[in-house]
Structures are given as structure tokens and as C-alpha cells.
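Text of the file structure-v3.cif, holding mmCIF, C-alpha atoms:
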```cif
data_model
loop_
_atom_site.label_atom_id
_atom_site.label_comp_id
_atom_site.auth_asym_id
_atom_site.auth_seq_id
_atom_site.Cartn_x
_atom_site.Cartn_y
_atom_site.Cartn_z
CA MET A 1 24.82 5.64 -12.01
CA HIS A 2 21.38 4.06 -12.56
CA ILE A 3 18.60 6.67 -12.49
CA GLY A 4 16.70 4.64 -9.88
CA VAL A 5 19.68 4.80 -7.50
CA ILE A 6 19.77 8.58 -7.87
CA TYR A 7 16.06 8.82 -7.08
CA ALA A 8 16.47 6.60 -4.01
CA LEU A 9 19.49 8.48 -2.64
CA LEU A 10 17.85 11.88 -3.13
CA ALA A 11 14.74 10.57 -1.37
CA ALA A 12 16.97 9.33 1.45
CA VAL A 13 18.72 12.67 1.93
CA LEU A 14 15.43 14.60 2.06
CA PHE A 15 13.82 12.18 4.50
CA GLY A 16 16.90 11.86 6.70
CA ALA A 17 17.30 15.62 6.97
CA SER A 18 13.69 15.97 8.14
CA THR A 19 14.28 14.01 11.38
CA PRO A 20 16.33 16.60 13.30
CA PHE A 21 13.94 19.35 12.18
CA ALA A 22 11.01 17.26 13.42
CA LYS A 23 12.89 16.78 16.69
CA THR A 24 12.92 20.56 17.22
CA LEU A 25 9.11 20.55 16.89
CA VAL A 26 8.55 17.73 19.38
CA GLY A 27 7.20 19.24 22.59
CA GLN A 28 5.46 22.11 20.83
CA MET A 29 2.48 19.88 20.05
CA PRO A 30 1.45 16.25 20.77
CA PRO A 31 3.06 13.61 18.51
CA VAL A 32 -0.13 12.73 16.64
CA ALA A 33 -0.85 16.39 15.85
CA LEU A 34 2.76 16.94 14.71
CA ALA A 35 2.53 13.91 12.43
CA GLY A 36 -0.64 15.41 10.98
CA MET A 37 1.04 18.78 10.42
CA LEU A 38 3.99 17.15 8.65
CA TYR A 39 1.84 15.11 6.32
CA LEU A 40 -0.57 17.97 5.63
CA GLY A 41 2.41 20.11 4.66
CA SER A 42 3.41 17.33 2.31
CA GLY A 43 -0.06 16.97 0.83
CA ILE A 44 -0.79 20.68 0.40
CA GLY A 45 2.63 21.35 -1.13
CA LEU A 46 2.27 18.48 -3.60
CA LEU A 47 -1.32 19.51 -4.39
CA ILE A 48 0.02 22.91 -5.43
CA CYS A 49 2.68 21.19 -7.57
CA TYR A 50 -0.01 18.97 -9.09
CA GLY A 51 -2.11 22.01 -9.98
CA VAL A 52 0.81 23.91 -11.48
CA ARG A 53 1.79 20.88 -13.57
CA ALA A 54 -1.80 20.49 -14.79
CA ILE A 55 -1.84 24.12 -15.95
CA VAL A 56 1.61 24.00 -17.58
CA LYS A 57 0.93 20.68 -19.35
CA ARG A 58 -2.80 21.16 -20.03
CA ASN A 59 -2.30 20.95 -23.80
CA ASP A 60 0.14 18.03 -23.73
CA LEU A 61 -1.09 14.72 -25.11
CA ASP A 62 1.21 12.74 -22.81
CA GLN A 63 0.01 12.88 -19.23
CA PRO A 64 1.16 10.86 -16.18
CA VAL A 65 -0.84 7.69 -15.57
CA GLU A 66 -3.50 8.21 -12.89
CA LEU A 67 -4.38 5.75 -10.12
CA THR A 68 -7.23 3.40 -11.02
CA ARG A 69 -9.91 1.56 -9.05
CA ARG A 70 -7.78 -1.59 -9.26
CA ASP A 71 -5.05 0.25 -7.33
CA ALA A 72 -7.38 1.28 -4.49
CA PRO A 73 -6.84 -1.64 -2.04
CA TRP A 74 -3.04 -1.48 -2.31
CA PHE A 75 -2.99 2.30 -2.00
CA ALA A 76 -5.43 2.41 0.93
CA GLY A 77 -3.27 -0.07 2.84
CA ALA A 78 -0.16 1.99 2.08
CA VAL A 79 -1.79 5.18 3.37
CA ALA A 80 -3.01 3.52 6.57
CA ALA A 81 0.33 1.89 7.41
CA GLY A 82 2.81 4.50 6.17
CA GLY A 83 0.77 7.67 6.33
CA VAL A 84 -1.06 7.28 9.62
CA ALA A 85 0.59 4.70 11.90
CA GLY A 86 4.22 5.24 10.85
CA PRO A 87 4.54 8.99 11.47
CA LEU A 88 2.68 8.70 14.78
CA LEU A 89 5.09 6.05 16.08
CA LEU A 90 8.07 8.13 14.89
CA MET A 91 6.88 11.23 16.76
CA VAL A 92 6.31 9.11 19.91
CA GLY A 93 9.83 7.71 19.62
CA LEU A 94 11.40 11.15 19.17
CA THR A 95 10.02 12.24 22.54
CA SER A 96 12.41 9.92 24.40
CA ILE A 97 15.60 9.40 22.35
CA SER A 98 18.10 11.68 20.61
CA ALA A 99 17.54 12.76 17.02
CA SER A 100 20.89 11.36 15.85
CA ALA A 101 20.18 7.90 17.28
CA ALA A 102 16.62 8.05 15.91
CA SER A 103 18.03 8.92 12.50
CA LEU A 104 20.24 5.84 12.45
CA LEU A 105 17.48 3.61 13.82
CA LEU A 106 15.42 4.60 10.79
CA ASN A 107 17.76 2.34 8.79
CA MET A 108 15.53 -0.47 10.04
CA GLU A 109 12.95 0.69 7.50
CA GLY A 110 15.17 -0.62 4.70
CA VAL A 111 15.69 -3.91 6.52
CA LEU A 112 12.01 -4.51 7.23
CA THR A 113 11.04 -3.36 3.74
CA SER A 114 13.42 -5.91 2.27
CA MET A 115 12.36 -8.74 4.58
CA LEU A 116 8.74 -8.23 3.56
CA ALA A 117 9.71 -7.96 -0.12
CA TRP A 118 11.76 -11.17 -0.02
CA PHE A 119 9.65 -13.44 2.15
CA VAL A 120 6.10 -12.12 1.64
CA PHE A 121 6.16 -10.61 -1.86
CA LYS A 122 8.83 -13.05 -3.19
CA GLU A 123 11.28 -10.51 -4.63
CA ASN A 124 14.69 -11.92 -5.62
CA PHE A 125 17.76 -11.51 -3.38
CA ASP A 126 21.21 -13.09 -3.11
CA ARG A 127 23.86 -13.70 -0.44
CA ARG A 128 25.50 -10.27 -0.86
CA ILE A 129 22.22 -8.43 -0.32
CA PHE A 130 21.38 -10.63 2.66
CA ILE A 131 24.76 -10.03 4.36
CA GLY A 132 24.34 -6.29 3.85
CA MET A 133 21.01 -6.42 5.61
CA LEU A 134 22.50 -8.45 8.48
CA LEU A 135 25.03 -5.64 9.05
CA ILE A 136 22.24 -3.06 9.12
CA VAL A 137 20.23 -5.19 11.55
CA ALA A 138 23.28 -5.50 13.84
CA ALA A 139 23.66 -1.73 13.78
CA GLY A 140 20.01 -1.27 14.72
CA VAL A 141 20.40 -3.68 17.65
CA LEU A 142 23.43 -1.73 18.89
CA LEU A 143 21.54 1.55 18.72
CA SER A 144 18.59 0.07 20.60
CA TRP A 145 20.97 -1.22 23.28
CA ASP A 146 22.64 2.18 23.50
CA GLN A 147 19.25 3.78 24.14
CA ALA A 148 18.11 1.22 26.73
CA PRO A 149 17.19 2.77 30.11
CA ALA A 150 18.59 1.38 33.36
CA ILE A 151 15.19 -0.12 34.18
CA GLY A 152 12.52 -1.17 31.70
CA LEU A 153 12.38 -1.35 27.92
CA PRO A 154 13.74 1.17 25.36
CA TRP A 155 10.26 2.30 24.34
CA GLY A 156 11.55 5.16 22.19
CA ALA A 157 13.64 2.80 20.07
CA ILE A 158 10.82 0.25 19.93
CA ALA A 159 8.38 2.93 18.72
CA ILE A 160 10.75 3.98 15.93
CA ILE A 161 11.29 0.37 14.85
CA GLY A 162 7.49 0.02 14.82
CA ALA A 163 7.33 3.06 12.54
CA CYS A 164 9.88 1.40 10.27
CA LEU A 165 7.72 -1.74 10.08
CA CYS A 166 4.73 0.39 9.09
CA TRP A 167 6.78 2.07 6.37
CA GLY A 168 8.06 -1.32 5.23
CA ILE A 169 4.47 -2.44 4.69
CA ASP A 170 3.73 0.87 2.99
CA ASN A 171 6.71 0.52 0.62
CA ASN A 172 5.74 -2.97 -0.50
CA LEU A 173 2.13 -1.96 -1.10
CA THR A 174 3.18 1.22 -2.91
CA ARG A 175 5.32 -0.84 -5.28
CA LYS A 176 2.07 -2.34 -6.57
CA VAL A 177 1.00 1.10 -7.84
CA SER A 178 4.44 2.59 -8.64
CA ALA A 179 3.76 2.76 -12.39
CA SER A 180 1.13 5.43 -11.67
CA ASP A 181 1.72 9.16 -11.18
CA PRO A 182 4.08 9.55 -8.17
CA LEU A 183 2.89 13.11 -7.55
CA GLN A 184 -0.70 11.90 -7.23
CA ILE A 185 0.35 8.99 -5.00
CA ALA A 186 2.42 11.11 -2.61
CA GLY A 187 0.03 14.06 -2.57
CA THR A 188 -3.04 11.95 -1.86
CA LYS A 189 -1.23 10.09 0.91
CA GLY A 190 -0.16 13.37 2.49
CA LEU A 191 -3.64 14.89 2.46
CA VAL A 192 -5.39 11.78 3.77
CA ALA A 193 -2.82 10.85 6.40
CA GLY A 194 -2.36 14.44 7.53
CA SER A 195 -6.08 15.05 7.91
CA VAL A 196 -6.59 11.84 9.89
CA ASN A 197 -3.65 12.41 12.25
CA LEU A 198 -4.42 16.08 12.83
CA THR A 199 -8.10 15.31 13.49
CA ILE A 200 -7.13 12.68 16.05
CA GLY A 201 -4.69 15.09 17.67
CA LEU A 202 -7.27 17.88 17.96
CA ALA A 203 -9.84 15.41 19.34
CA LEU A 204 -7.32 14.46 22.05
CA GLY A 205 -6.95 18.10 23.10
CA ALA A 206 -4.08 19.38 20.96
CA THR A 207 -4.10 23.04 19.99
CA ILE A 208 -2.80 24.65 16.82
CA PRO A 209 0.61 26.24 17.60
CA ALA A 210 1.82 29.64 16.47
CA ALA A 211 2.00 30.40 12.75
CA PRO A 212 5.83 30.11 12.48
CA THR A 213 5.67 26.60 13.97
CA VAL A 214 2.88 25.58 11.59
CA LEU A 215 4.86 26.96 8.63
CA LEU A 216 8.04 25.12 9.70
CA ALA A 217 6.14 21.85 10.10
CA GLY A 218 4.61 22.32 6.66
CA VAL A 219 7.96 22.95 4.98
CA VAL A 220 9.60 20.01 6.76
CA GLY A 221 6.70 17.77 5.76
CA PHE A 222 6.74 18.94 2.14
CA CYS A 223 10.46 18.25 1.72
CA GLY A 224 10.99 15.27 4.05
CA TYR A 225 7.73 13.43 3.38
CA GLY A 226 6.31 14.82 0.13
CA LEU A 227 9.20 15.31 -2.29
CA SER A 228 11.02 12.40 -0.70
CA LEU A 229 8.05 10.08 -1.35
CA VAL A 230 7.74 11.22 -4.98
CA LEU A 231 11.38 10.28 -5.53
CA PHE A 232 10.93 7.05 -3.58
CA VAL A 233 8.01 5.97 -5.81
CA LEU A 234 10.13 6.67 -8.89
CA ALA A 235 12.91 4.56 -7.38
CA LEU A 236 10.46 1.70 -6.69
CA ARG A 237 9.52 1.76 -10.35
CA HIS A 238 13.14 1.33 -11.42
CA LEU A 239 14.71 -0.77 -8.64
CA GLY A 240 12.04 -2.84 -6.93
CA THR A 241 11.19 -2.68 -3.24
CA ALA A 242 14.14 -4.31 -1.49
CA ARG A 243 16.85 -2.48 -3.46
CA THR A 244 15.10 0.85 -3.05
CA GLY A 245 14.84 0.19 0.69
CA ALA A 246 18.55 -0.59 0.80
CA TYR A 247 19.61 2.60 -0.95
CA PHE A 248 17.14 4.53 1.19
CA SER A 249 19.13 3.30 4.19
CA ALA A 250 21.43 6.25 3.51
CA ALA A 251 18.71 8.49 4.99
CA PRO A 252 19.74 8.06 8.65
CA PHE A 253 23.30 9.15 7.94
CA ALA A 254 22.04 12.45 6.51
CA GLY A 255 19.77 12.89 9.51
CA ALA A 256 22.44 11.94 12.06
CA ALA A 257 25.01 14.31 10.56
CA LEU A 258 22.55 17.19 10.57
CA SER A 259 21.46 16.33 14.13
CA LEU A 260 25.03 16.58 15.38
CA LEU A 261 25.43 19.98 13.70
CA MET A 262 22.03 21.43 14.66
CA LEU A 263 21.42 20.08 18.13
CA GLY A 264 24.95 19.72 19.49
CA GLU A 265 24.43 16.08 20.42
CA VAL A 266 27.53 14.09 21.39
CA PRO A 267 27.29 10.45 20.25
CA GLY A 268 28.82 7.60 22.23
CA ALA A 269 31.10 4.79 21.04
CA LEU A 270 28.21 2.48 20.14
CA PHE A 271 26.85 5.16 17.83
CA TRP A 272 30.04 5.11 15.74
CA ILE A 273 30.26 1.31 15.71
CA ALA A 274 26.65 1.17 14.52
CA ALA A 275 27.39 3.79 11.86
CA ALA A 276 30.32 1.70 10.56
CA LEU A 277 28.16 -1.44 10.40
CA MET A 278 25.40 0.40 8.59
CA GLY A 279 27.91 1.93 6.18
CA GLY A 280 29.26 -1.53 5.36
CA GLY A 281 25.78 -2.90 4.79
CA ILE A 282 24.86 -0.05 2.46
CA TRP A 283 28.13 -0.46 0.54
CA LEU A 284 27.35 -4.13 -0.15
CA HIS A 285 24.02 -3.07 -1.64
CA LEU A 286 25.46 -0.21 -3.66
CA THR A 287 28.06 -2.48 -5.29
CA GLU A 288 25.63 -5.26 -6.23
CA SER A 289 25.47 -6.48 -9.85
CA HIS A 290 22.70 -8.83 -11.01
CA ALA A 291 22.68 -10.20 -14.58
CA HIS A 292 21.39 -13.42 -16.14
CA GLU A 293 19.27 -14.62 -19.03
CA HIS A 294 15.60 -14.04 -18.29
CA GLU A 295 12.28 -14.14 -20.05
CA HIS A 296 9.68 -11.38 -20.29
CA LEU A 297 6.17 -12.76 -20.50
CA PRO A 298 3.41 -10.90 -22.39
CA MET A 299 1.96 -8.13 -20.28
CA SER A 300 -0.03 -4.94 -20.67
CA HIS A 301 0.22 -1.84 -18.50
CA ALA A 302 0.57 1.96 -18.62
CA HIS A 303 3.38 4.17 -17.37
CA MET A 304 5.87 6.82 -18.49
CA HIS A 305 8.44 5.19 -20.79
CA SER A 306 10.90 5.65 -23.63
CA HIS A 307 11.31 3.24 -26.52
CA ASP A 308 14.19 1.15 -25.19
CA ASP A 309 14.76 -2.60 -25.61
CA HIS A 310 11.75 -3.33 -23.44
CA HIS A 311 9.38 -0.96 -25.25
CA GLN A 312 9.33 -1.86 -28.92
CA HIS A 313 5.63 -1.47 -29.69
CA GLU A 314 3.35 0.17 -32.21
CA HIS A 315 1.01 3.06 -31.41
CA ASP A 316 -2.69 3.11 -32.16
CA PHE A 317 -2.66 6.92 -32.12
CA GLU A 318 -0.71 9.65 -33.87
CA TRP A 319 2.56 10.01 -31.96
CA ASP A 320 4.66 13.18 -32.14
CA GLY A 321 7.90 11.33 -31.33
CA VAL A 322 8.36 12.99 -27.92
CA GLU A 323 9.78 10.75 -25.15
CA PRO A 324 9.18 9.80 -22.45
CA HIS A 325 5.45 9.49 -22.84
CA ALA A 326 2.66 7.54 -21.17
CA HIS A 327 -0.02 5.28 -22.61
CA ALA A 328 -1.33 1.73 -22.30
CA HIS A 329 0.97 -0.62 -24.20
CA GLN A 330 1.52 -4.34 -24.74
CA HIS A 331 4.83 -6.13 -24.10
CA ALA A 332 5.60 -9.01 -26.44
CA PRO A 333 7.48 -12.10 -25.17
CA LEU A 334 11.22 -11.47 -24.98
CA ARG A 335 14.25 -13.43 -23.79
CA HIS A 336 17.61 -11.73 -23.30
CA SER A 337 20.42 -11.15 -20.78
CA HIS A 338 21.59 -7.91 -19.20
CA PRO A 339 22.19 -6.36 -15.74
CA HIS A 340 18.85 -5.51 -14.16
CA TYR A 341 16.92 -4.79 -10.98
CA PRO A 342 13.49 -6.21 -10.04
CA ASP A 343 11.74 -3.19 -11.55
CA ILE A 344 8.25 -3.14 -13.03
CA HIS A 345 9.52 -5.13 -16.04
CA HIS A 346 11.69 -7.66 -14.19
CA ARG A 347 9.51 -9.49 -11.66
CA HIS A 348 10.42 -12.94 -12.88
CA GLU A 349 11.20 -16.18 -11.10
CA HIS A 350 14.81 -17.31 -10.50
#
```

Encoded form using C-alpha cells:
Amino acid sequence: MHIGVIYALLAAVLFGASTPFAKTLVGQMPPVALAGMLYLGSGIGLLICYGVRAIVKRNDLDQPVELTRRDAPWFAGAVAAGGVAGPLLLMVGLTSISASAASLLLNMEGVLTSMLAWFVFKENFDRRIFIGMLLIVAAGVLLSWDQAPAIGLPWGAIAIIGACLCWGIDNNLTRKVSASDPLQIAGTKGLVAGSVNLTIGLALGATIPAAPTVLLAGVVGFCGYGLSLVLFVLALRHLGTARTGAYFSAAPFAGAALSLLMLGEVPGALFWIAAALMGGGIWLHLTESHAHEHEHLPMSHAHMHSHDDHHQHEHDFEWDGVEPHAHAHQHAPLRHSHPHYPDIHHRHEH
């Protein structure tokens, strides 16, 4: 299995499992404060990991590529959309619908991520990928209908779909910086987004809950938002935005299964129909194969890499032969044919 698929599926499991745990915290603090707690847990946990890595690898010549000033606009937009607005809308949605249904509705993140990637950022897609997304959209519509109240609009479902749109924007902007250090990307986002959300929550009258609740929120945030995002950024690097979003659509199934076990929720018939539709859509994405002759234009960038077919370059420094390693390098023109994803080396026209 492609390493990018593994990263995306692991990210999906971690994020999906965080939803039912977050549901148990809803009601113990306002949604905006809870979102802040979750992201601060993510940021603090990853900051510790960043510090430990810096100590362990302090004498290594090969270090992960840091974010640069050129990355700042893309990264700031990603933090605002995915780190501040998205979690807040999710916590609002969880106050009025079940965790299992919320978990499956989160599949809309993959759909909206892909729509933005295809039609705004011009990433390649084919009929198979499009049909898979249609199945996932149909499942999301069914879940929204299942959650509709007798009178009025299903605001809980609408809030969660809004969160998915924010994360879709976030994912496409993060792809622009995915060659940089994923630990730095995820950790910075957690600290900034967590601080902003928690500050807003406290300003609106929220109080800090008991220590066990704070600790649980921190652990859930570290696993479901922090480690998950690190893996997601790695997947973006290898798969492109739309494919990563599609594989990440497995997240709601992990969350829904755990919700049923933890919270004793009993799903209705529409839940299972939606699950079948989403499963079919994900299967179409998982079984995709994309190969054709393509041309690599000259380009220069920096990221962790090994010397495969796409990295046949000289070094202007003394290299110890250890791979993977990171440094600025130049890609020469190349034309060949092989199965590939729209990763950081395959963003060509079709």
C-alpha cells in the first residue's frame, strides 16, 4: 500500500475516534472554550514532541524543512479556517445531534476538500473519483435529513457541514506548505487556534473546568487534532489534496463505531443506508489507479526525500549517504510514465 494512503488512513482513525470523546465533553464547557482546549492540547503536545526531537537530533545535519515567510499567507489562512472556525462549528453541532451521526457527517470534509481542490485549485480528477464523491454527498444528505427536526432547520447538521467547509479550505491551503515540517505546521496551528478559541470562550464567560476534564480535553486534542494533522500533512505531500480528503473520509466510520460502543446510541435505518453509500464512495477512491506519460518541468524546492527516480541530483555539500534527508534541490526536466498521485512532484496539466 502507498505510504501516503497509510498516513491518510491513520490520520482518519485518530480524528474519527476523537469525535465521541469530544461529545462527552460537550456540556461541561461552552463550545468555543472546548474547541480551544482541544487545540491547545494538540499544540502543547506537539510542542513537547518538537522539543524532544530537537534535542535528540541536535547534531544531525539533516533537519526537517521549516516554514518560510513565503508560506505565511497560506498558513495563516489555514489556521484561521481550520484551526479557529472549524472546531467552533463542530462543537456547536455536537450540542444538538448524536455523536455517531456527527461522525458520519464529517465525511463531508473530504467532499468539500475535493470540490475546492478540483474546481478552485485545478487538481486532476476522473469519473471514478467523481462518482465516489457523489455517493458520499448522497450519504451526507441522508444524514442531514435523518437529523432534521419536525419544525425548522437541522442547525446541528448545518454547523458540522460548515465545519467541514472550513477544514476543506484549510486542507487546500495546507497543501501549499506540505513540503515543510509537518510537526511545526500542526503544532503552530494548535497553539494559535487553541489560544484564540480559549480566549474568546473566557471572554464570553466560560470557566476552566476541573483538572480531569482539562486533561481529557488535552489528550483528545493531542491525538485527534495534533497527531492526526501531522499524518494528514504527510499524506498531502504524497497524495495531493483531493485524494487525501477521500481517504480521510474513513474517519467518520471510526468515530461512529466508537460512538455506538461508548455512548450506547441506537442508529436508525437511514444511518445504515448512509454508511453503505459512504463505504461505496470510499471504495471507489481506494481502488483508483492513475497512470500516463507526463512531463516534470524544472523546479527547485526543499523537503525530506530519498534518491528515487524523481531525485537524481548532485549535492553541493558533503553527504553522509543517509536517507531520507532534507535540503534545497533542483529537479531537471523529465518525461516518463508510471502510476502516480497529484503529490508535490505531480501537479501537471492533463

**Request:** Would you kindly translate the PyMOL selection byres ((chain A and resi 135) around 7) into the concrete residues it picks from this file, as a PyMOL selection string?
**Result:** chain A and resi 131-134+136-139+277-278+280-281

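When atom CA of A:Lys122 is paired with atom CA of A:Gly86, their separation reads 23.5 Å.
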
**Message:** I'd like the contact shell of A:His307 - 9 Å cut-off, all atoms listed in the file, skipping same-chain residues fewer than 4 positions apart - returned as a VMD selection string.
**Reply:** chain A and resid 311 to 313 323 to 324

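Among the candidates A:Gly4, A:Leu260, A:Ile44, A:Met29, the one nearest to A:Val233 when counting only C-alpha atoms is A:Gly4.
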
**Item:** Selection near A:Tyr247, 10 Å with all atoms listed in the file, sequence-local residues under 5 positions removed, as number ranges by chain
**Value:** A: 4-12, 107, 110, 235, 239, 242, 282-283, 285-286

**Prompt:** Between atom CA of A:Asp71 and atom CA of A:Ala33, what is the distance, to one decimal in Å?
**Reply:** 28.6 Å

**Asked** If we count only C-alpha atoms, what is near stretch 13-25 of chain A at a cut-off of 9 Å, once residues fewer than 4 positions away on the same chain are taken out, given as a VMD selection string?
**Response** chain A and resid 8 to 9 29 34 38 91 94 to 95 98 to 100 102 to 104 106 213 216 to 217 220 to 221 223 to 225 227 to 229 248 250 to 260 262 to 263

**Message:** Selection in question (the file shown): the PyMOL selection byres ((chain A and resi 39) around 7). Which residues does it include, as an MDAnalysis selection string?
**Reply:** chainID A and resid 35:38 40:43 190:191 193:194 221 225

Starting from the displayed file, determine the output of the PyMOL selection byres ((chain A and resi 335) around 8) and express the residue list as an mmCIF file with C-alpha atoms, in the frame of the given file.
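Output file part_25.cif follows:
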```cif
data_model
loop_
_atom_site.group_PDB
_atom_site.id
_atom_site.type_symbol
_atom_site.label_atom_id
_atom_site.label_comp_id
_atom_site.auth_asym_id
_atom_site.auth_seq_id
_atom_site.Cartn_x
_atom_site.Cartn_y
_atom_site.Cartn_z
ATOM 1 C CA GLU A 293 19.270 -14.620 -19.030
ATOM 2 C CA HIS A 294 15.600 -14.040 -18.290
ATOM 3 C CA GLU A 295 12.280 -14.140 -20.050
ATOM 4 C CA HIS A 296 9.680 -11.380 -20.290
ATOM 5 C CA PRO A 333 7.480 -12.100 -25.170
ATOM 6 C CA LEU A 334 11.220 -11.470 -24.980
ATOM 7 C CA HIS A 336 17.610 -11.730 -23.300
ATOM 8 C CA SER A 337 20.420 -11.150 -20.780
#
```
